[in-house]
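> One file is attached below, protein25.pdb, containing PDB, C-alpha atoms.
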```pdb
ATOM      1  CA  MET A 241       0.000   0.000   0.000
ATOM      2  CA  ARG A 242       2.856   2.397   0.777
ATOM      3  CA  GLU A 243       4.146   2.045  -2.813
ATOM      4  CA  TRP A 244       0.699   2.805  -4.287
ATOM      5  CA  TRP A 245       0.221   5.902  -2.135
ATOM      6  CA  ARG A 246       3.731   7.120  -2.908
ATOM      7  CA  ALA A 247       3.211   6.686  -6.660
ATOM      8  CA  LEU A 248      -0.179   8.403  -6.494
ATOM      9  CA  ALA A 249       1.275  11.332  -4.593
ATOM     10  CA  GLU A 250       4.067  11.730  -7.153
ATOM     11  CA  LEU A 251       1.575  11.744 -10.010
ATOM     12  CA  MET A 252      -0.881  14.180  -8.442
ATOM     13  CA  LEU A 253       1.611  16.448  -6.677
ATOM     14  CA  PRO A 254       4.829  16.154  -8.676
ATOM     15  CA  GLY A 255       6.702  18.741  -6.604
ATOM     16  CA  GLU A 256       9.979  19.281  -8.445
ATOM     17  CA  CYS A 257      12.078  17.648 -11.136
ATOM     18  CA  ALA A 258      14.221  14.833  -9.738
ATOM     19  CA  GLY A 259      17.106  15.876 -11.956
ATOM     20  CA  CYS A 260      17.343  19.663 -11.690
ATOM     21  CA  GLY A 261      14.694  20.796  -9.200
ATOM     22  CA  ALA A 262      12.451  22.560 -11.742
ATOM     23  CA  PRO A 263       9.013  23.091 -10.124
ATOM     24  CA  ARG A 264       5.841  21.079 -10.677
ATOM     25  CA  THR A 265       7.192  18.207 -12.721
ATOM     26  CA  VAL A 266       8.505  14.758 -11.864
ATOM     27  CA  LEU A 267      11.068  14.956 -14.658
ATOM     28  CA  CYS A 268      11.522  17.978 -16.910
ATOM     29  CA  GLU A 269      12.162  17.606 -20.643
ATOM     30  CA  GLY A 270      15.823  18.541 -20.306
ATOM     31  CA  CYS A 271      16.490  15.900 -17.656
ATOM     32  CA  ARG A 272      14.350  13.362 -19.518
ATOM     33  CA  HIS A 273      16.603  13.937 -22.528
ATOM     34  CA  ALA A 274      19.706  13.530 -20.344
ATOM     35  CA  VAL A 275      18.493  10.130 -19.135
ATOM     36  CA  ARG A 276      17.854   8.801 -22.634
ATOM     37  CA  ARG A 277      20.313  10.770 -24.742
ATOM     38  CA  GLY A 278      22.528   7.759 -25.606
ATOM     39  CA  PRO A 279      23.602   6.084 -27.696
ATOM     40  CA  PRO A 280      24.381   3.250 -25.266
ATOM     41  CA  ARG A 281      28.015   2.206 -25.251
ATOM     42  CA  PRO A 282      30.105  -0.648 -23.857
ATOM     43  CA  VAL A 283      31.775   0.026 -20.521
ATOM     44  CA  ARG A 284      34.646  -1.668 -18.736
ATOM     45  CA  PRO A 285      35.610  -0.731 -15.180
ATOM     46  CA  ARG A 286      39.253  -0.237 -14.336
ATOM     47  CA  ASP A 287      40.494  -3.408 -12.637
ATOM     48  CA  ALA A 288      37.357  -5.188 -13.847
ATOM     49  CA  PRO A 289      36.474  -8.181 -11.646
ATOM     50  CA  ALA A 290      37.058 -11.659 -13.014
ATOM     51  CA  GLY A 291      34.086 -13.088 -14.862
ATOM     52  CA  LEU A 292      32.521  -9.730 -15.657
ATOM     53  CA  PRO A 293      30.469 -10.181 -18.851
ATOM     54  CA  PRO A 294      30.294  -7.516 -21.564
ATOM     55  CA  VAL A 295      28.434  -4.527 -20.100
ATOM     56  CA  TRP A 296      26.536  -1.789 -21.939
ATOM     57  CA  ALA A 297      25.374   1.435 -20.293
ATOM     58  CA  ALA A 298      22.868   3.977 -21.557
ATOM     59  CA  VAL A 299      24.432   7.104 -20.014
ATOM     60  CA  PRO A 300      27.229   8.235 -17.671
ATOM     61  CA  TYR A 301      26.442   8.260 -13.958
ATOM     62  CA  ALA A 302      26.771  12.003 -13.367
ATOM     63  CA  ASP A 303      24.855  15.258 -12.929
ATOM     64  CA  ALA A 304      21.096  15.007 -13.611
ATOM     65  CA  VAL A 305      21.257  11.265 -14.328
ATOM     66  CA  ARG A 306      22.775  10.595 -10.906
ATOM     67  CA  SER A 307      20.106  12.734  -9.227
ATOM     68  CA  VAL A 308      17.295  10.925 -11.048
ATOM     69  CA  LEU A 309      18.625   7.476 -10.171
ATOM     70  CA  LEU A 310      19.029   8.435  -6.516
ATOM     71  CA  ALA A 311      15.530   9.931  -6.409
ATOM     72  CA  HIS A 312      14.108   6.667  -7.720
ATOM     73  CA  LYS A 313      16.207   4.455  -5.483
ATOM     74  CA  GLU A 314      16.392   6.332  -2.204
ATOM     75  CA  ARG A 315      13.413   8.702  -2.234
ATOM     76  CA  GLY A 316      10.879   6.359  -3.809
ATOM     77  CA  ALA A 317      10.053   8.495  -6.853
ATOM     78  CA  LEU A 318       8.377   5.518  -8.518
ATOM     79  CA  PRO A 319       7.175   7.237 -11.739
ATOM     80  CA  LEU A 320      10.850   7.623 -12.671
ATOM     81  CA  ALA A 321      10.982   3.878 -13.343
ATOM     82  CA  ALA A 322       9.362   4.466 -16.748
ATOM     83  CA  PRO A 323      12.017   6.791 -18.259
ATOM     84  CA  LEU A 324      14.793   4.836 -16.554
ATOM     85  CA  GLY A 325      13.328   1.640 -18.008
ATOM     86  CA  GLU A 326      13.362   3.189 -21.477
ATOM     87  CA  ALA A 327      17.047   4.014 -21.023
ATOM     88  CA  LEU A 328      17.793   0.486 -19.815
ATOM     89  CA  ALA A 329      15.905  -0.958 -22.788
ATOM     90  CA  GLY A 330      18.238   1.001 -25.066
ATOM     91  CA  ALA A 331      21.271  -0.502 -23.320
ATOM     92  CA  VAL A 332      19.735  -3.969 -23.663
ATOM     93  CA  ARG A 333      19.261  -3.473 -27.410
ATOM     94  CA  ALA A 334      22.893  -2.387 -27.700
ATOM     95  CA  ALA A 335      24.024  -5.445 -25.740
ATOM     96  CA  LEU A 336      21.969  -7.737 -27.967
ATOM     97  CA  GLY A 337      23.664  -6.335 -31.037
ATOM     98  CA  GLY A 338      27.088  -5.930 -29.501
ATOM     99  CA  THR A 339      27.560  -9.536 -28.410
ATOM    100  CA  GLN A 340      26.580 -11.086 -31.730
ATOM    101  CA  GLY A 341      29.239 -12.681 -33.858
ATOM    102  CA  GLY A 342      31.010 -14.690 -31.173
ATOM    103  CA  ALA A 343      31.844 -12.092 -28.543
ATOM    104  CA  SER A 344      32.672 -13.686 -25.236
ATOM    105  CA  ALA A 345      30.193 -13.357 -22.411
ATOM    106  CA  GLY A 346      32.920 -13.285 -19.816
ATOM    107  CA  ALA A 347      35.656 -15.514 -18.520
ATOM    108  CA  GLY A 348      34.487 -19.099 -18.656
ATOM    109  CA  GLY A 349      31.001 -18.076 -19.762
ATOM    110  CA  PRO A 350      28.868 -19.089 -22.723
ATOM    111  CA  ARG A 351      29.452 -17.378 -26.023
ATOM    112  CA  ALA A 352      27.135 -15.592 -28.403
ATOM    113  CA  SER A 353      26.972 -16.923 -31.930
ATOM    114  CA  GLY A 354      26.459 -15.153 -35.205
ATOM    115  CA  GLY A 355      23.180 -13.980 -36.631
ATOM    116  CA  GLY A 356      20.955 -11.014 -36.012
ATOM    117  CA  GLY A 357      18.276 -10.427 -33.459
ATOM    118  CA  VAL A 358      17.032 -12.750 -30.727
ATOM    119  CA  ARG A 359      17.478 -16.399 -31.549
ATOM    120  CA  ASP A 360      14.710 -18.887 -30.796
ATOM    121  CA  GLY A 361      13.553 -17.405 -27.527
ATOM    122  CA  PRO A 362      12.882 -14.276 -25.512
ATOM    123  CA  VAL A 363      15.227 -11.786 -23.963
ATOM    124  CA  VAL A 364      15.277 -12.508 -20.233
ATOM    125  CA  LEU A 365      16.343  -9.691 -17.906
ATOM    126  CA  VAL A 366      17.740 -10.773 -14.530
ATOM    127  CA  PRO A 367      17.934  -7.821 -12.114
ATOM    128  CA  VAL A 368      20.692  -7.629  -9.519
ATOM    129  CA  PRO A 369      18.756  -7.932  -6.229
ATOM    130  CA  SER A 370      18.831  -5.423  -3.423
ATOM    131  CA  ALA A 371      19.367  -6.552   0.141
ATOM    132  CA  ARG A 372      16.165  -7.469   1.986
ATOM    133  CA  ARG A 373      16.865  -4.747   4.540
ATOM    134  CA  ALA A 374      17.241  -2.135   1.799
ATOM    135  CA  VAL A 375      13.993  -3.250   0.150
ATOM    136  CA  ARG A 376      12.157  -2.916   3.459
ATOM    137  CA  GLU A 377      13.598   0.541   4.097
ATOM    138  CA  ARG A 378      12.986   1.836   0.566
ATOM    139  CA  GLY A 379       9.649   0.127   0.073
ATOM    140  CA  HIS A 380      10.699  -1.245  -3.316
ATOM    141  CA  ASP A 381      13.520  -2.961  -5.233
ATOM    142  CA  PRO A 382      14.859  -0.306  -7.663
ATOM    143  CA  ALA A 383      16.661  -2.540 -10.158
ATOM    144  CA  ARG A 384      13.741  -4.946 -10.369
ATOM    145  CA  ARG A 385      11.249  -2.130 -10.948
ATOM    146  CA  ILE A 386      13.395  -0.621 -13.714
ATOM    147  CA  ALA A 387      13.874  -4.067 -15.272
ATOM    148  CA  VAL A 388      10.108  -4.570 -15.466
ATOM    149  CA  ALA A 389       9.737  -1.181 -17.153
ATOM    150  CA  ALA A 390      12.550  -2.036 -19.586
ATOM    151  CA  ALA A 391      10.958  -5.369 -20.503
ATOM    152  CA  GLY A 392       7.712  -3.540 -21.277
ATOM    153  CA  ALA A 393       9.552  -1.022 -23.470
ATOM    154  CA  LEU A 394      11.273  -3.842 -25.344
ATOM    155  CA  ARG A 395       7.991  -5.648 -25.975
ATOM    156  CA  ARG A 396       6.387  -2.465 -27.266
ATOM    157  CA  SER A 397       9.204  -2.128 -29.787
ATOM    158  CA  GLY A 398       8.794  -5.715 -30.983
ATOM    159  CA  THR A 399      11.440  -7.522 -28.907
ATOM    160  CA  PRO A 400      10.005 -10.400 -26.836
ATOM    161  CA  ALA A 401      11.251  -9.800 -23.315
ATOM    162  CA  ARG A 402      10.476 -10.720 -19.717
ATOM    163  CA  THR A 403      12.077 -10.348 -16.310
ATOM    164  CA  ALA A 404      13.198 -13.196 -14.095
ATOM    165  CA  ALA A 405      13.969 -12.162 -10.512
ATOM    166  CA  VAL A 406      15.808 -15.416  -9.853
ATOM    167  CA  LEU A 407      18.615 -14.095  -7.635
ATOM    168  CA  ARG A 408      18.671 -13.367  -3.928
ATOM    169  CA  GLN A 409      21.266 -12.536  -1.313
ATOM    170  CA  ARG A 410      22.428 -15.629   0.544
ATOM    171  CA  ARG A 411      24.149 -13.674   3.325
ATOM    172  CA  ALA A 412      24.186 -10.187   4.730
ATOM    173  CA  VAL A 413      26.456  -7.661   3.024
ATOM    174  CA  ALA A 414      27.743  -4.312   4.203
ATOM    175  CA  ASP A 415      26.565  -1.016   2.757
ATOM    176  CA  GLN A 416      28.610  -0.512  -0.414
ATOM    177  CA  THR A 417      28.785   3.260   0.070
ATOM    178  CA  GLY A 418      32.338   4.281   0.826
ATOM    179  CA  LEU A 419      33.913   0.972  -0.191
ATOM    180  CA  ASP A 420      36.589   0.978  -2.866
ATOM    181  CA  ALA A 421      36.640  -1.520  -5.744
ATOM    182  CA  ALA A 422      38.530  -4.161  -3.753
ATOM    183  CA  GLY A 423      36.234  -3.705  -0.772
ATOM    184  CA  ARG A 424      33.129  -4.087  -2.915
ATOM    185  CA  LEU A 425      34.472  -7.255  -4.503
ATOM    186  CA  ALA A 426      35.217  -8.771  -1.104
ATOM    187  CA  ASN A 427      31.844  -7.631   0.238
ATOM    188  CA  LEU A 428      29.912  -9.294  -2.592
ATOM    189  CA  ASP A 429      32.057 -12.390  -3.123
ATOM    190  CA  GLY A 430      29.681 -15.354  -2.896
ATOM    191  CA  ALA A 431      26.853 -13.115  -1.684
ATOM    192  CA  LEU A 432      24.210 -14.143  -4.260
ATOM    193  CA  GLU A 433      22.447 -17.390  -5.066
ATOM    194  CA  LEU A 434      19.504 -18.650  -7.086
ATOM    195  CA  ARG A 435      16.135 -18.608  -5.397
ATOM    196  CA  PRO A 436      14.804 -22.124  -4.682
ATOM    197  CA  GLY A 437      13.335 -23.597  -7.860
ATOM    198  CA  ALA A 438      14.457 -20.605  -9.912
ATOM    199  CA  ALA A 439      16.661 -22.640 -12.262
ATOM    200  CA  ALA A 440      13.496 -23.694 -14.100
ATOM    201  CA  LEU A 441      12.809 -20.037 -14.927
ATOM    202  CA  LEU A 442      16.084 -19.595 -16.785
ATOM    203  CA  PRO A 443      15.715 -19.915 -20.559
ATOM    204  CA  ALA A 444      17.050 -22.809 -22.600
ATOM    205  CA  SER A 445      17.286 -20.511 -25.619
ATOM    206  CA  GLY A 446      17.165 -16.809 -26.445
ATOM    207  CA  ARG A 447      19.286 -14.274 -24.557
ATOM    208  CA  LEU A 448      19.977 -13.717 -20.869
ATOM    209  CA  LEU A 449      21.043 -10.314 -19.512
ATOM    210  CA  VAL A 450      22.045  -9.209 -16.045
ATOM    211  CA  VAL A 451      20.561  -5.740 -15.504
ATOM    212  CA  ASP A 452      21.063  -3.077 -12.853
ATOM    213  CA  ASP A 453      20.430   0.633 -12.396
ATOM    214  CA  VAL A 454      24.091   1.655 -12.089
ATOM    215  CA  THR A 455      27.535   0.070 -12.036
ATOM    216  CA  THR A 456      30.546   1.751 -10.460
ATOM    217  CA  THR A 457      32.983  -1.156 -10.026
ATOM    218  CA  GLY A 458      31.286  -4.087 -11.779
ATOM    219  CA  ALA A 459      31.287  -6.135  -8.559
ATOM    220  CA  SER A 460      27.499  -6.653  -8.369
ATOM    221  CA  VAL A 461      27.187  -7.544 -12.050
ATOM    222  CA  ALA A 462      30.127  -9.965 -11.865
ATOM    223  CA  GLU A 463      28.653 -11.735  -8.841
ATOM    224  CA  ALA A 464      25.263 -12.069 -10.540
ATOM    225  CA  ALA A 465      26.972 -13.402 -13.675
ATOM    226  CA  ARG A 466      28.856 -15.970 -11.611
ATOM    227  CA  VAL A 467      25.623 -17.426 -10.243
ATOM    228  CA  LEU A 468      23.946 -17.518 -13.654
ATOM    229  CA  ARG A 469      27.015 -19.041 -15.299
ATOM    230  CA  THR A 470      27.088 -21.827 -12.698
ATOM    231  CA  ALA A 471      23.363 -22.474 -13.177
ATOM    232  CA  ALA A 472      23.786 -22.634 -16.976
ATOM    233  CA  GLU A 473      26.640 -25.102 -16.645
ATOM    234  CA  ARG A 474      24.593 -27.332 -14.354
ATOM    235  CA  LYS A 475      21.666 -27.280 -16.785
ATOM    236  CA  GLY A 476      23.978 -27.905 -19.715
ATOM    237  CA  THR A 477      22.643 -24.903 -21.627
ATOM    238  CA  GLY A 478      24.674 -22.464 -23.667
ATOM    239  CA  VAL A 479      22.451 -19.415 -23.469
ATOM    240  CA  PRO A 480      24.706 -16.401 -24.125
ATOM    241  CA  PHE A 481      24.518 -13.539 -21.699
ATOM    242  CA  ALA A 482      25.788 -10.027 -21.212
ATOM    243  CA  ALA A 483      24.836  -7.132 -18.951
ATOM    244  CA  ALA A 484      23.061  -3.798 -19.356
ATOM    245  CA  VAL A 485      22.745  -0.897 -16.934
ATOM    246  CA  VAL A 486      21.158   2.516 -17.002
ATOM    247  CA  ALA A 487      24.373   4.294 -16.013
ATOM    248  CA  ALA A 488      28.050   3.673 -15.361
ATOM    249  CA  SER A 489      30.942   5.722 -14.040
ATOM    250  CA  PRO A 490      31.940   8.194 -16.763
ATOM    251  CA  GLY A 491      35.524   6.965 -17.013
ATOM    252  CA  PHE A 492      34.466   3.412 -17.836
ATOM    253  CA  PHE A 493      33.001   4.071 -21.277
ATOM    254  CA  VAL A 494      34.964   2.290 -23.996
TER     255      VAL A 494
END
```
Mind converting the file's structure to structure tokens?

Amino acid sequence: MREWWRALAELMLPGECAGCGAPRTVLCEGCRHAVRRGPPRPVRPRDAPAGLPPVWAAVPYADAVRSVLLAHKERGALPLAAPLGEALAGAVRAALGGTQGGASAGAGGPRASGGGGVRDGPVVLVPVPSARRAVRERGHDPARRIAVAAAGALRRSGTPARTAAVLRQRRAVADQTGLDAAGRLANLDGALELRPGAAALLPASGRLLVVDDVTTTGASVAEAARVLRTAAERKGTGVPFAAAVVAASPGFFV
């Protein structure tokens, strides 16, 4: 109920733009353009963690984009999921095209094969999960909400897509704020697992993408990829996968 009331309040009394503070709008046209300006590009963190799949980001994590993402995540500005989902959908499309032709999906991971478009199955978006405590405090799971919006945007443009929230945290992790790259890797090492029975939800064909709202070190995406890679190996499937995020640290763009 809290989510519904919060969303209703944002729609009826928009207050100010989440990006620049302009009055009486959830997101002004200038900031909306900043979120979706693209084109999405591949990113690679410095000292990228082992097993990190190819990652595409829609925009740099800076200025208005950073403010919009934080407003959605921390202040519960739920209507922002729609424009952020559109941006993520753009990064997903770029990832689908960018990993064709045999590009590796990460160390030890399955590989994409040639051909255009989605092959024999849907695009499945797997959001990086938030900690249970964070979900309780925020009242929602930001990456999952944006992933749902992105899947809808992809379907509207003719790409069959769905979300599969198959990951969960298997142990408590510290707040990532203030941790450097090495600290984040250690904090998240072995922190995720598949939900019980979730292996059946993973596709036997099509494309699989790890998705998140923002990546700053690649640690969360790499940990999610590790779990999915292990699950694919156990099932004996070769579904290629990559990753897509709304935003990444500006210096990581290739």
> How many Å separate atom CA of Gly325 of chain A from atom CA of Ala393 of chain A?
7.2 Å
> Calculate how many Å separate atom CA of Pro362 of chain A from atom CA of Val299 of chain A, rounding to one decimal.
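Atom-to-atom, atom CA of Pro362 of chain A and atom CA of Val299 of chain A are spaced 24.9 Å apart.
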> When you draw a straight line from atom CA of Ala331 of chain A to atom CA of Val266 of chain A, how long is it in Å?
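Atom-to-atom, atom CA of Ala331 of chain A and atom CA of Val266 of chain A are spaced 23.0 Å apart.
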> Using only C-alpha atoms, which of A:Cys271, A:Val364, A:Ala488, A:Ala329 sits nearest Val454 of chain A?
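Result for the nearest residue to Val454 of chain A: A:Ala488.
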> Please determine an axis-aligned box that encloses all atoms of segment 473-478 of chain A listed in the file, with 6 Å added on each side, and express its centre and edge lengths in Å to one decimal as lines of an AutoDock Vina configuration file.

```
center_x = 24.2
center_y = -25.2
center_z = -19.0
size_x = 17.0
size_y = 17.4
size_z = 21.3
```
> Point out the residue among A:Val375, A:Val450, A:Ala440, A:Arg333 with the least atom-to-atom distance to Ser397 of chain A, counting all atoms listed in the file.
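Of A:Val375, A:Val450, A:Ala440, A:Arg333, the one nearest Ser397 of chain A, counting all atoms listed in the file, is A:Arg333.
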> Tell me which residues the PyMOL selection byres ((chain A and resi 436) around 12) grabs here, as a PyMOL selection string.
chain A and resi 405-408+410+433-435+437-441
> Tell me, as number ranges by chain, which residues lie within 7 Å of Leu449 of chain A, counting all atoms listed in the file; anything in the same chain fewer than 2 positions away does not count.
A: 364-366, 447, 451, 481-484
> If we count all atoms listed in the file and set the cut-off at 6 Å, which residues sit around Cys257 of chain A, ignoring sequence neighbours fewer than 6 positions away in its own chain? Please answer as a ChimeraX atom specification.
/A:265-268
> Taking 4 positions as the minimum chain separation for residues in the same chain, which residues sit within 7 Å of Leu292 of chain A when counting only C-alpha atoms? Answer as a PyMOL selection string.
chain A and resi 288+346+458+461-462+465
> Excluding same-chain residues fewer than 3 positions from Thr399 of chain A, what lies within 8 Å of it counting only C-alpha atoms, as an MDAnalysis selection string?
chainID A and resid 358 362:363 394:396
> For the provided coordinates, the residues matched by the PyMOL selection byres ((chain A and resi 279) around 10) should be stated as a PyMOL selection string.
chain A and resi 276-278+280-281+297-299+327+330-331+334
> Counting all atoms listed in the file, figure out which residue out of A:Gly316, A:Gly291, A:Phe492, A:Gly255 gets nearest to Thr470 of chain A.
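Of all the options, A:Gly291 lies closest to Thr470 of chain A.
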> Find the residue from A:Ala444, A:Ala321, A:Val494, A:Ala487 that sits nearest to Glu473 of chain A; use all atoms listed in the file when measuring.
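Among the listed residues, A:Ala444 lies closest to Glu473 of chain A.
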> Ranking A:Val368, A:Ala311, A:Ala262, A:Leu318 by minimum distance to Val485 of chain A and counting only C-alpha atoms, which one comes first?
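Distance minimum relative to Val485 of chain A lands on A:Val368.
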> Pull out every residue that the PyMOL selection byres ((chain A and resi 315) around 12) matches in the shown coordinates and put them as a list of chain:residue names.
A:Glu243, A:Arg246, A:Ala247, A:Glu250, A:Ala258, A:Ser307, A:Val308, A:Leu309, A:Leu310, A:Ala311, A:His312, A:Lys313, A:Glu314, A:Gly316, A:Ala317, A:Leu318, A:Pro319, A:Leu320, A:Glu377, A:Arg378, A:Gly379, A:His380, A:Pro382
